[in-house]
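entry_16.txt follows (compact mmCIF, C-alpha atoms and all ligand atoms):
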# COMPACT_ATOMS: atom_id res chain seq x y z
CA MET D 1 17.12 25.21 20.46
CA SER D 2 14.05 23.16 21.45
CA ASP D 3 14.19 19.44 22.18
CA PHE D 4 12.26 18.86 18.98
CA GLU D 5 14.77 20.81 16.86
CA ASN D 6 17.60 18.97 18.56
CA ASN D 7 15.99 15.62 17.79
CA VAL D 8 15.44 16.62 14.16
CA ARG D 9 19.06 17.63 13.87
CA GLN D 10 20.16 14.29 15.32
CA ALA D 11 17.89 12.33 13.00
CA LEU D 12 19.29 14.24 10.02
CA SER D 13 22.84 13.36 10.98
CA ASN D 14 22.00 9.72 10.19
CA PRO D 15 18.72 9.45 8.27
CA GLN D 16 17.35 5.91 7.99
CA ASN D 17 15.87 4.16 4.97
CA GLN D 18 16.52 6.82 2.35
CA GLY D 19 16.35 5.90 -1.30
CA GLU D 20 14.32 4.16 -3.94
CA MET D 21 13.24 0.56 -3.28
CA THR D 22 13.34 -1.30 -6.57
CA ASP D 23 11.42 -4.37 -5.36
CA ALA D 24 8.68 -2.47 -3.50
CA ASP D 25 5.10 -3.76 -3.38
CA SER D 26 3.67 -0.25 -3.43
CA VAL D 27 4.72 3.36 -3.63
CA GLY D 28 3.02 6.61 -2.68
CA THR D 29 3.90 10.17 -3.59
CA VAL D 30 2.50 13.42 -2.29
CA GLY D 31 3.17 17.10 -2.67
CA SER D 32 2.23 19.72 -0.14
CA PRO D 33 0.13 22.53 -1.57
CA ASP D 34 1.32 24.68 1.35
CA CYS D 35 5.04 24.68 0.72
CA GLY D 36 5.64 22.76 -2.52
CA ASP D 37 7.66 20.03 -0.84
CA MET D 38 7.34 16.46 -2.09
CA LEU D 39 7.86 13.04 -0.59
CA ARG D 40 7.69 9.50 -1.93
CA MET D 41 7.50 6.35 0.18
CA TRP D 42 8.00 2.72 -0.85
CA LEU D 43 6.64 -0.26 1.09
CA LYS D 44 7.61 -3.92 1.01
CA PHE D 45 5.38 -6.45 2.77
CA THR D 46 6.14 -9.85 4.20
CA GLU D 47 4.19 -12.66 5.86
CA LYS D 48 4.67 -12.97 9.64
CA ASP D 49 2.63 -15.23 11.96
CA GLY D 50 -0.04 -15.52 9.28
CA LYS D 51 -0.32 -11.75 8.92
CA LYS D 52 0.87 -9.51 6.14
CA VAL D 53 3.12 -6.89 7.69
CA ILE D 54 5.44 -4.16 6.46
CA ASP D 55 8.91 -5.59 6.10
CA ARG D 56 10.68 -2.45 4.91
CA ALA D 57 9.82 1.15 4.11
CA THR D 58 12.02 3.69 2.34
CA PHE D 59 11.59 7.28 1.20
CA GLN D 60 12.90 10.02 -1.03
CA SER D 61 12.18 13.62 -0.24
CA PHE D 62 12.40 17.04 -1.74
CA GLY D 63 11.22 18.50 1.48
CA CYS D 64 12.28 20.37 4.53
CA GLN D 65 14.46 18.91 7.24
CA THR D 66 11.49 18.10 9.45
CA ALA D 67 9.84 16.05 6.70
CA ILE D 68 13.07 14.10 6.20
CA ALA D 69 13.48 13.51 9.94
CA VAL D 70 9.85 12.35 10.30
CA ALA D 71 10.17 10.07 7.25
CA SER D 72 13.32 8.58 8.75
CA MET D 73 11.50 7.86 12.03
CA ALA D 74 8.33 6.69 10.32
CA THR D 75 10.07 4.18 8.05
CA GLU D 76 11.57 2.58 11.15
CA LEU D 77 8.27 2.64 13.07
CA LEU D 78 6.39 0.98 10.21
CA LYS D 79 8.39 -2.23 10.30
CA GLY D 80 6.23 -5.12 11.51
CA LYS D 81 2.95 -3.19 11.26
CA THR D 82 0.00 -4.44 9.24
CA ALA D 83 -1.35 -2.07 6.61
CA GLN D 84 -4.39 -1.43 8.81
CA GLU D 85 -2.17 -0.51 11.78
CA ALA D 86 0.00 1.72 9.59
CA ALA D 87 -3.03 3.53 8.17
CA LYS D 88 -4.05 4.59 11.69
CA LEU D 89 -0.77 6.42 12.37
CA ASP D 90 -1.14 10.17 12.10
CA ALA D 91 1.59 12.76 11.64
CA GLN D 92 2.29 12.97 15.38
CA ALA D 93 2.52 9.19 15.78
CA LEU D 94 4.84 8.91 12.78
CA SER D 95 7.20 11.45 14.37
CA GLY D 96 8.01 8.90 17.06
CA GLU D 97 10.97 9.84 19.20
CA LEU D 98 11.32 13.25 17.58
CA GLY D 99 8.60 14.35 19.97
CA GLU D 100 5.45 16.32 19.35
CA LEU D 101 5.41 18.28 16.11
CA PRO D 102 5.16 22.01 16.76
CA PRO D 103 2.10 23.62 15.09
CA MET D 104 4.25 25.13 12.31
CA LYS D 105 5.65 21.67 11.49
CA ILE D 106 2.49 19.58 11.50
CA HIS D 107 2.11 19.80 7.73
CA CYS D 108 5.65 18.38 7.40
CA GLY D 109 4.52 15.27 9.28
CA GLU D 110 1.34 15.21 7.21
CA LEU D 111 3.48 15.02 4.09
CA VAL D 112 4.90 11.74 5.39
CA GLN D 113 1.45 10.55 6.47
CA GLY D 114 0.10 11.40 3.02
CA ALA D 115 2.82 9.45 1.21
CA LEU D 116 2.20 6.47 3.50
CA LYS D 117 -1.56 6.55 2.90
CA ASN D 118 -1.01 6.89 -0.82
CA ALA D 119 1.31 3.86 -0.76
CA LEU D 120 -1.17 1.84 1.33
CA GLU D 121 -3.98 2.67 -1.06
CA GLY D 122 -1.77 1.50 -3.91
CA ASP D 123 -1.46 -1.90 -2.27
CA SER D 124 -4.43 -3.88 -3.54
CA ASN D 125 -4.70 -6.06 -0.42
CA THR D 126 -5.02 -3.13 1.94
CA ASN D 127 -8.27 -1.83 3.31
CA ALA D 128 -6.54 1.35 4.32
CA SER D 129 -8.64 4.22 5.44
CA THR D 130 -9.13 6.81 2.76
CA GLN D 131 -9.30 9.80 5.05
CA SER D 132 -8.30 12.89 3.21
CA SER D 133 -5.29 14.84 4.33
CA ASP D 134 -3.87 18.19 3.38
CA THR D 135 -1.51 16.52 1.00
CA THR D 136 -2.27 15.75 -2.59
CA PRO D 137 -1.24 12.52 -4.29
CA THR D 138 0.83 13.57 -7.23
CA SER D 139 1.52 10.45 -9.19
CA SER D 140 0.85 6.77 -9.44
CA ALA D 141 3.18 3.93 -8.61
CA ALA D 142 4.16 3.90 -12.25
CA SER D 143 6.40 6.95 -11.94
CA PRO D 144 9.92 5.64 -11.73
CA THR D 145 11.54 8.36 -9.66
CA LEU D 146 10.57 11.38 -7.62
CA ILE D 147 12.73 13.67 -9.70
CA GLU D 148 10.91 12.50 -12.82
CA SER D 149 7.50 13.27 -11.39
CA ILE D 150 8.69 16.71 -10.35
CA SER D 151 10.20 17.34 -13.76
CA ASN D 152 7.02 16.21 -15.47
CA GLN D 153 4.92 18.55 -13.38
CA THR D 154 7.11 21.54 -13.98
CA LYS D 155 7.79 20.71 -17.63
CA GLY D 156 11.50 20.92 -17.01
CA ASN D 157 11.47 24.46 -15.61
CA ILE D 158 13.08 23.43 -12.39
CA ARG D 159 16.55 23.91 -11.13
CA ILE D 160 17.53 21.95 -8.06
CA VAL D 161 20.33 23.55 -6.10
CA PRO D 162 21.90 21.44 -3.37
CA ILE D 163 22.05 23.29 -0.09
CA ASP D 164 25.36 23.25 1.69
CA ASN D 165 24.67 23.48 5.40
CA ASP D 166 28.29 23.87 6.40
FE1 LIG J 201 7.10 21.78 3.62
FE2 LIG J 201 8.13 20.98 5.92
S1 LIG J 201 8.09 23.00 5.14
S2 LIG J 201 7.13 19.80 4.42

Rewrite the coordinates I just gave you, this time as structure tokens.
Amino acid sequence: MSDFENNVRQALSNPQNQGEMTDADSVGTVGSPDCGDMLRMWLKFTEKDGKKVIDRATFQSFGCQTAIAVASMATELLKGKTAQEAAKLDAQALSGELGELPPMKIHCGELVQGALKNALEGDSNTNASTQSSDTTPTSSAASPTLIESISNQTKGNIRIVPIDND
């Protein structure tokens, strides 16, 4: 097993910042046209030394293990960053201590990057870059939960089966 896979496995044993944030300032959701995975990220800002910085970030994912591991890392990395600093982080930077994303996994990191950008664009005080990515925003901040946006898109024809890894 590669170092990267090992690091992903470790991150998945204790993922950080999972779950909906009810008092978030903004939320972004993306779906990958490549694999159909989806990820939503919530951001909460605070004022520090006269600057508006990210206080907390959380995520929900219907995605692969790599996307979950990157989102876990990214939501930790984002703390204390201004929106402008956060917008500059690409998929590799958001992977942090997981190490460099292998070519087959870059789109998994881009899913996280896309959700972050979507959330930053939803924050009215952010001049976030609007670079396009391979991911497609799938809903506005008004959608209450990820499962609802998925259900809406598939008109209820979806069956989610939990995977038992043991
Ligand atoms: Fe789709 Fe990783 S395989 S995000």

Mind running chain D against ligand LIG 201 (chain J) at 7 Å and telling me each contacting residue's nearest atom pair with the distance in Å (one decimal), counting only C-alpha atoms and all ligand atoms, chain and number ascending, as CSV?
residue,atom,partner,partner_atom,distance
D:Ser32,CA,J:LIG201,FE1,6.5
D:Asp34,CA,J:LIG201,FE1,6.9
D:Cys35,CA,J:LIG201,FE1,4.6
D:Gly36,CA,J:LIG201,FE1,6.4
D:Asp37,CA,J:LIG201,FE1,4.8
D:Gly63,CA,J:LIG201,S2,5.2
D:Cys64,CA,J:LIG201,FE2,4.4
D:Gln65,CA,J:LIG201,FE2,6.8
D:Thr66,CA,J:LIG201,FE2,5.7
D:Ala67,CA,J:LIG201,S2,5.2
D:Lys105,CA,J:LIG201,FE2,6.1
D:His107,CA,J:LIG201,S2,6.0
D:Cys108,CA,J:LIG201,S2,3.6
D:Leu111,CA,J:LIG201,S2,6.0

Handout entry: Long-range neighbours of Val27 (chain D) as a PyMOL selection string, 7 Å cut-off, only C-alpha atoms, 6 positions minimum in chain
Key = chain D and resi 41-43+119+122+141

Preceding selection exported with C-alpha atoms as a PDB file, keeping the file's coordinate frame:
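Saved to selection_38.pdb:
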ATOM      1  CA  MET D  41       7.500   6.350   0.180  1.00  0.00           C
ATOM      2  CA  TRP D  42       8.000   2.720  -0.850  1.00  0.00           C
ATOM      3  CA  LEU D  43       6.640  -0.260   1.090  1.00  0.00           C
ATOM      4  CA  ALA D 119       1.310   3.860  -0.760  1.00  0.00           C
ATOM      5  CA  GLY D 122      -1.770   1.500  -3.910  1.00  0.00           C
ATOM      6  CA  ALA D 141       3.180   3.930  -8.610  1.00  0.00           C
TER       7      ALA D 141
END

Practice task
Tell me which protein, DNA and RNA residues are within 9 Å of Ala71 (chain D), counting all atoms listed in the file, leaving out same-chain ones fewer than 2 positions away, and put them as a list in words.
Solution key: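 Close residues of Ala71 (chain D): Pro15, Gln16, Asn17, Gln18, Leu39, Met41, Thr58, Phe59, Gln60, Ser61, Thr66, Ala67, Ile68, Ala69, Met73, Ala74, Thr75, Glu76, Leu94, Ser95, Gly109, Leu111, Val112 and Gln113 of chain D.
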
Can you tell me, as lines of an AutoDock Vina configuration file, the centre and edge lengths (Å, one decimal) of the axis-aligned box enclosing all of region 112-119 of chain D's listed atoms after padding each side by 4 Å?
center_x = 1.7
center_y = 7.8
center_z = 2.8
size_x = 14.5
size_y = 15.9
size_z = 15.3

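For the pair CA of Lys117 (chain D) and CA of Gln84 (chain D), the interatomic distance is 10.3 Å.
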
Fill in the blank from the handout: Computed gap from CA of Asn6 (chain D) to CA of Asp55 (chain D) is 28.9 Å

Exercise for the section: State, in Å with one decimal place, the distance from CA of Leu116 (chain D) to CA of Gly19 (chain D). Expected result: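 Here the two named atoms are 15.0 Å from each other.
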
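If you count all atoms listed in the file and ignore residues fewer than 4 places along the chain from Ile54 (chain D), what sits within 7 Å of it is Leu43, Lys44, Phe45, Thr46, Leu78, Lys79, Gly80, Lys81 and Thr82 of chain D.
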
Fill in the blank from the handout: One residue among D:Ser72, D:Asp3, D:Phe62, D:Leu120 is nearest to Gly31 (chain D) when using only C-alpha atoms, and that residue is D:Phe62
